[in-house]
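**Student:** The following file, start23.pdb, comprises PDB, C-alpha atoms, pLDDT in the B column:
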```pdb
ATOM      1  CA  GLN S   1       0.000   0.000   0.000  1.00 88.00           C
ATOM      2  CA  VAL S   2       1.470   3.299  -1.121  1.00 91.00           C
ATOM      3  CA  GLN S   3       1.584   5.954   1.560  1.00 94.00           C
ATOM      4  CA  LEU S   4       2.942   9.507   1.611  1.00 96.00           C
ATOM      5  CA  VAL S   5       3.338  11.275   4.943  1.00 97.00           C
ATOM      6  CA  GLU S   6       4.239  14.961   5.066  1.00 97.00           C
ATOM      7  CA  SER S   7       5.702  16.685   8.109  1.00 98.00           C
ATOM      8  CA  GLY S   8       7.539  19.847   9.071  1.00 98.00           C
ATOM      9  CA  GLY S   9       4.815  22.437   8.705  1.00 98.00           C
ATOM     10  CA  GLY S  10       4.062  25.057  11.307  1.00 97.00           C
ATOM     11  CA  LEU S  11       3.756  28.730  12.100  1.00 98.00           C
ATOM     12  CA  VAL S  12       6.612  31.005  11.098  1.00 98.00           C
ATOM     13  CA  GLN S  13       7.113  34.739  10.796  1.00 98.00           C
ATOM     14  CA  ALA S  14       7.650  36.395   7.446  1.00 98.00           C
ATOM     15  CA  GLY S  15      11.245  35.985   6.361  1.00 98.00           C
ATOM     16  CA  GLY S  16      11.600  32.714   8.217  1.00 98.00           C
ATOM     17  CA  SER S  17      12.293  29.193   6.992  1.00 98.00           C
ATOM     18  CA  LEU S  18      10.766  25.748   7.205  1.00 98.00           C
ATOM     19  CA  ARG S  19      11.806  22.359   5.893  1.00 98.00           C
ATOM     20  CA  LEU S  20       9.056  19.996   4.836  1.00 98.00           C
ATOM     21  CA  SER S  21       9.553  16.264   4.528  1.00 98.00           C
ATOM     22  CA  CYS S  22       7.534  13.645   2.679  1.00 97.00           C
ATOM     23  CA  ALA S  23       8.212  10.053   3.647  1.00 95.00           C
ATOM     24  CA  ALA S  24       7.042   7.563   1.053  1.00 93.00           C
ATOM     25  CA  SER S  25       6.415   3.866   1.539  1.00 90.00           C
ATOM     26  CA  GLY S  26       4.899   0.951  -0.323  1.00 88.00           C
ATOM     27  CA  SER S  27       6.920   1.200  -3.531  1.00 84.00           C
ATOM     28  CA  ASP S  28      10.319   2.035  -4.967  1.00 80.00           C
ATOM     29  CA  PHE S  29      10.076   5.773  -5.427  1.00 85.00           C
ATOM     30  CA  SER S  30      13.648   6.221  -6.633  1.00 80.00           C
ATOM     31  CA  ILE S  31      12.491   5.746 -10.216  1.00 83.00           C
ATOM     32  CA  ASN S  32       9.679   8.295 -10.033  1.00 89.00           C
ATOM     33  CA  ALA S  33       9.434  12.060 -10.146  1.00 94.00           C
ATOM     34  CA  MET S  34       8.132  13.540  -6.922  1.00 95.00           C
ATOM     35  CA  ASN S  35       6.191  16.776  -6.557  1.00 97.00           C
ATOM     36  CA  TRP S  36       5.120  19.311  -3.982  1.00 98.00           C
ATOM     37  CA  TYR S  37       1.790  21.098  -4.318  1.00 98.00           C
ATOM     38  CA  ARG S  38       0.043  23.606  -2.086  1.00 98.00           C
ATOM     39  CA  GLN S  39      -3.493  24.806  -1.531  1.00 98.00           C
ATOM     40  CA  ALA S  40      -4.232  28.157   0.048  1.00 97.00           C
ATOM     41  CA  PRO S  41      -7.632  28.895   1.623  1.00 92.00           C
ATOM     42  CA  GLY S  42     -10.236  29.489  -1.056  1.00 95.00           C
ATOM     43  CA  LYS S  43      -7.836  28.718  -3.882  1.00 97.00           C
ATOM     44  CA  GLN S  44      -7.144  25.796  -6.164  1.00 97.00           C
ATOM     45  CA  ARG S  45      -4.293  23.445  -5.457  1.00 97.00           C
ATOM     46  CA  GLU S  46      -1.177  24.561  -7.325  1.00 98.00           C
ATOM     47  CA  TRP S  47       2.007  22.789  -8.267  1.00 98.00           C
ATOM     48  CA  VAL S  48       5.081  24.139  -6.459  1.00 98.00           C
ATOM     49  CA  ALA S  49       8.111  22.025  -7.303  1.00 98.00           C
ATOM     50  CA  ALA S  50       9.233  18.744  -8.839  1.00 98.00           C
ATOM     51  CA  ILE S  51      12.309  16.570  -8.792  1.00 97.00           C
ATOM     52  CA  THR S  52      13.154  13.809 -11.246  1.00 95.00           C
ATOM     53  CA  PRO S  53      14.777  10.498 -10.286  1.00 91.00           C
ATOM     54  CA  GLY S  54      18.084  11.950 -11.449  1.00 91.00           C
ATOM     55  CA  GLY S  55      17.708  15.066  -9.326  1.00 93.00           C
ATOM     56  CA  ARG S  56      16.616  17.599 -11.939  1.00 97.00           C
ATOM     57  CA  THR S  57      14.413  20.217 -10.318  1.00 98.00           C
ATOM     58  CA  SER S  58      11.758  22.662 -11.450  1.00 98.00           C
ATOM     59  CA  TYR S  59       9.705  25.305  -9.638  1.00 98.00           C
ATOM     60  CA  VAL S  60       6.745  27.570 -10.031  1.00 98.00           C
ATOM     61  CA  ASP S  61       7.982  31.102 -10.674  1.00 98.00           C
ATOM     62  CA  SER S  62       6.697  32.462  -7.367  1.00 97.00           C
ATOM     63  CA  VAL S  63       9.072  30.285  -5.315  1.00 98.00           C
ATOM     64  CA  LYS S  64      12.182  30.267  -7.505  1.00 98.00           C
ATOM     65  CA  GLY S  65      15.239  31.334  -5.521  1.00 97.00           C
ATOM     66  CA  ARG S  66      13.458  30.736  -2.201  1.00 98.00           C
ATOM     67  CA  PHE S  67      12.430  27.057  -2.211  1.00 98.00           C
ATOM     68  CA  THR S  68      14.624  24.033  -2.841  1.00 98.00           C
ATOM     69  CA  ILE S  69      13.333  20.527  -3.488  1.00 98.00           C
ATOM     70  CA  SER S  70      15.612  17.562  -2.831  1.00 97.00           C
ATOM     71  CA  ARG S  71      15.339  13.834  -2.322  1.00 95.00           C
ATOM     72  CA  ASP S  72      17.048  11.007  -0.475  1.00 94.00           C
ATOM     73  CA  ASN S  73      16.299   7.857  -2.444  1.00 91.00           C
ATOM     74  CA  ALA S  74      17.788   5.619   0.242  1.00 91.00           C
ATOM     75  CA  LYS S  75      15.186   6.954   2.666  1.00 92.00           C
ATOM     76  CA  ASN S  76      12.359   7.266   0.122  1.00 92.00           C
ATOM     77  CA  THR S  77      11.990  10.864   1.284  1.00 95.00           C
ATOM     78  CA  VAL S  78      11.581  14.142  -0.554  1.00 96.00           C
ATOM     79  CA  TYR S  79      12.166  17.519   1.073  1.00 98.00           C
ATOM     80  CA  LEU S  80      11.141  21.095   0.465  1.00 98.00           C
ATOM     81  CA  GLN S  81      13.391  23.714   2.015  1.00 98.00           C
ATOM     82  CA  MET S  82      11.481  26.995   2.146  1.00 98.00           C
ATOM     83  CA  ASN S  83      13.366  30.198   2.851  1.00 98.00           C
ATOM     84  CA  ASN S  84      12.329  33.836   3.010  1.00 98.00           C
ATOM     85  CA  LEU S  85       8.719  32.844   3.535  1.00 98.00           C
ATOM     86  CA  ASN S  86       5.977  35.412   3.189  1.00 97.00           C
ATOM     87  CA  PRO S  87       2.263  35.364   4.037  1.00 97.00           C
ATOM     88  CA  VAL S  88       1.258  34.421   0.491  1.00 97.00           C
ATOM     89  CA  ASP S  89       3.028  31.098   1.048  1.00 98.00           C
ATOM     90  CA  THR S  90       0.431  30.190   3.681  1.00 98.00           C
ATOM     91  CA  ALA S  91      -1.190  26.951   2.534  1.00 98.00           C
ATOM     92  CA  VAL S  92      -1.493  23.249   3.106  1.00 98.00           C
ATOM     93  CA  TYR S  93       1.454  21.597   1.387  1.00 98.00           C
ATOM     94  CA  TYR S  94       1.103  18.155  -0.197  1.00 98.00           C
ATOM     95  CA  CYS S  95       3.539  15.767  -1.776  1.00 96.00           C
ATOM     96  CA  ASN S  96       2.513  13.777  -4.791  1.00 95.00           C
ATOM     97  CA  VAL S  97       3.741  10.926  -6.925  1.00 93.00           C
ATOM     98  CA  ARG S  98       2.335   9.225  -9.969  1.00 90.00           C
ATOM     99  CA  LEU S  99       2.833   5.470 -10.224  1.00 88.00           C
ATOM    100  CA  GLY S 100       1.592   4.125 -13.512  1.00 87.00           C
ATOM    101  CA  PHE S 101      -1.947   5.437 -13.951  1.00 90.00           C
ATOM    102  CA  THR S 102      -2.473   6.256 -10.284  1.00 91.00           C
ATOM    103  CA  THR S 103      -1.622   9.523  -8.528  1.00 93.00           C
ATOM    104  CA  TYR S 104      -1.014   9.420  -4.803  1.00 94.00           C
ATOM    105  CA  TRP S 105      -1.254  12.292  -2.337  1.00 96.00           C
ATOM    106  CA  GLY S 106      -0.250  12.718   1.255  1.00 96.00           C
ATOM    107  CA  GLN S 107      -2.534  14.170   3.896  1.00 97.00           C
ATOM    108  CA  GLY S 108      -0.803  17.538   3.783  1.00 97.00           C
ATOM    109  CA  THR S 109       0.997  19.717   6.291  1.00 98.00           C
ATOM    110  CA  GLN S 110      -0.107  23.227   7.214  1.00 98.00           C
ATOM    111  CA  VAL S 111       2.292  26.124   6.703  1.00 98.00           C
ATOM    112  CA  THR S 112       1.236  29.463   8.139  1.00 98.00           C
ATOM    113  CA  VAL S 113       3.343  32.578   7.638  1.00 98.00           C
ATOM    114  CA  SER S 114       2.522  35.571   9.799  1.00 97.00           C
ATOM    115  CA  SER S 115       3.312  39.137   8.781  1.00 93.00           C
TER     116      SER S 115
END
```
What do you get writing this file as structure tokens?
**Tutor:**
Amino acid sequence: QVQLVESGGGLVQAGGSLRLSCAASGSDFSINAMNWYRQAPGKQREWVAAITPGGRTSYVDSVKGRFTISRDNAKNTVYLQMNNLNPVDTAVYYCNVRLGFTTYWGQGTQVTVSS
């Protein structure tokens, strides 16, 4: 059974940092791209960052230069280092992986940035 468990969210002041983790289990994730998404109150879920099995990364423009996605294949874990946070980054953050025709999501972790 595939399971994704996010952690590391919390309350932080503007300009602060958080590091999110997504622990994956139930499959070999080293051969799959992993993603982070977020959903702010009243808004649609949006893609934030992705990392390929080989470590190539991509980001939505609004987080470029502030967020860094990384992965540890030995631990089946993907991370999102978030620096210089601002209130518009407030959202529930989810990790995501597609295995074959099925997309899996974690339960999400809340990130709240106060001004």
**Student:** Could you list, as a list of chain:residue names, every residue within 10 Å of Leu80 in chain S, counting all atoms listed in the file and ignoring same-chain residues fewer than 6 positions away?
**Tutor:**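 These residues fall inside the cut-off: S:Gly8, S:Leu18, S:Arg19, S:Leu20, S:Ser21, S:Cys22, S:Asn35, S:Trp36, S:Val48, S:Ala49, S:Ala50, S:Phe67, S:Thr68, S:Ile69, S:Ser70, S:Arg71, S:Tyr93, S:Cys95.
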**Student:** Name the residues captured by the PyMOL selection byres ((chain S and resi 94) around 9) when it is applied to the shown file; answer as a list of chain:residue names.
**Tutor:** S:Val5, S:Glu6, S:Cys22, S:Asn35, S:Trp36, S:Tyr37, S:Arg38, S:Gln39, S:Val92, S:Tyr93, S:Cys95, S:Asn96, S:Trp105, S:Gly106, S:Gln107, S:Gly108, S:Thr109
**Student:** May I have the residues within 10 Å of Val63 in chain S as a list in words, using only C-alpha atoms and disregarding those fewer than 2 positions away in the same chain?
**Tutor:**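 Contacts, with the query itself left out: Val48, Ala49, Tyr59, Val60, Asp61, Gly65, Arg66, Phe67, Thr68, Met82, Asn83, Asn84, Leu85 and Asp89 of chain S.
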**Student:** Just to confirm, what's the straight-line distance from CA of Ile31 in chain S to CA of Pro53 in chain S in Å (one decimal)?
**Tutor:**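 Between CA of Ile31 in chain S and CA of Pro53 in chain S the gap is 5.3 Å.
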**Student:** S:Ser25, S:Thr90, S:Thr102, S:Ser58: which is nearest Val12 in chain S, counting only C-alpha atoms?
**Tutor:**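 Looking only at the distances to Val12 in chain S, the closest residue turns out to be S:Thr90.
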**Student:** Report, in Å with one decimal, the straight-line distance from CA of Ser115 in chain S to CA of Asn86 in chain S.
**Tutor:**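 That distance, rounded to one decimal, is 7.2 Å.
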**Student:** Can you turn the PyMOL selection byres ((chain S and resi 26) around 6) into a concrete residue list for this file, as a ChimeraX atom specification?
**Tutor:** /S:1-2,25,27
**Student:** In Å, how far is it from CA of Thr52 in chain S to CA of Ala33 in chain S?
**Tutor:**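 If I compute the distance from CA of Thr52 in chain S to CA of Ala33 in chain S, I get 4.3 Å.
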**Student:** Taking into account all atoms listed in the file, which residue in the set S:Ser17, S:Thr103, S:Ser62, S:Asn73 is nearest to Gln3 in chain S?
**Tutor:**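 Distance minimum relative to Gln3 in chain S lands on S:Thr103.
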**Student:** Let me make sure I understand: among S:Arg98, S:Asp72, S:Asp28, S:Val88, which one has the smallest atom-to-atom distance to Ala14 in chain S if we use all atoms listed in the file?
**Tutor:**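 Closest to Ala14 in chain S of all the choices is S:Val88.
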**Student:** Quick one: axis-aligned box around all listed atoms of range 50-60 of chain S, 4 Å on every side, centre and edge lengths in Å to one decimal, written as AutoDock Vina command-line options.
**Tutor:**
```
--center_x 12.4 --center_y 19.0 --center_z -10.4 --size_x 19.3 --size_y 25.1 --size_z 11.1
```
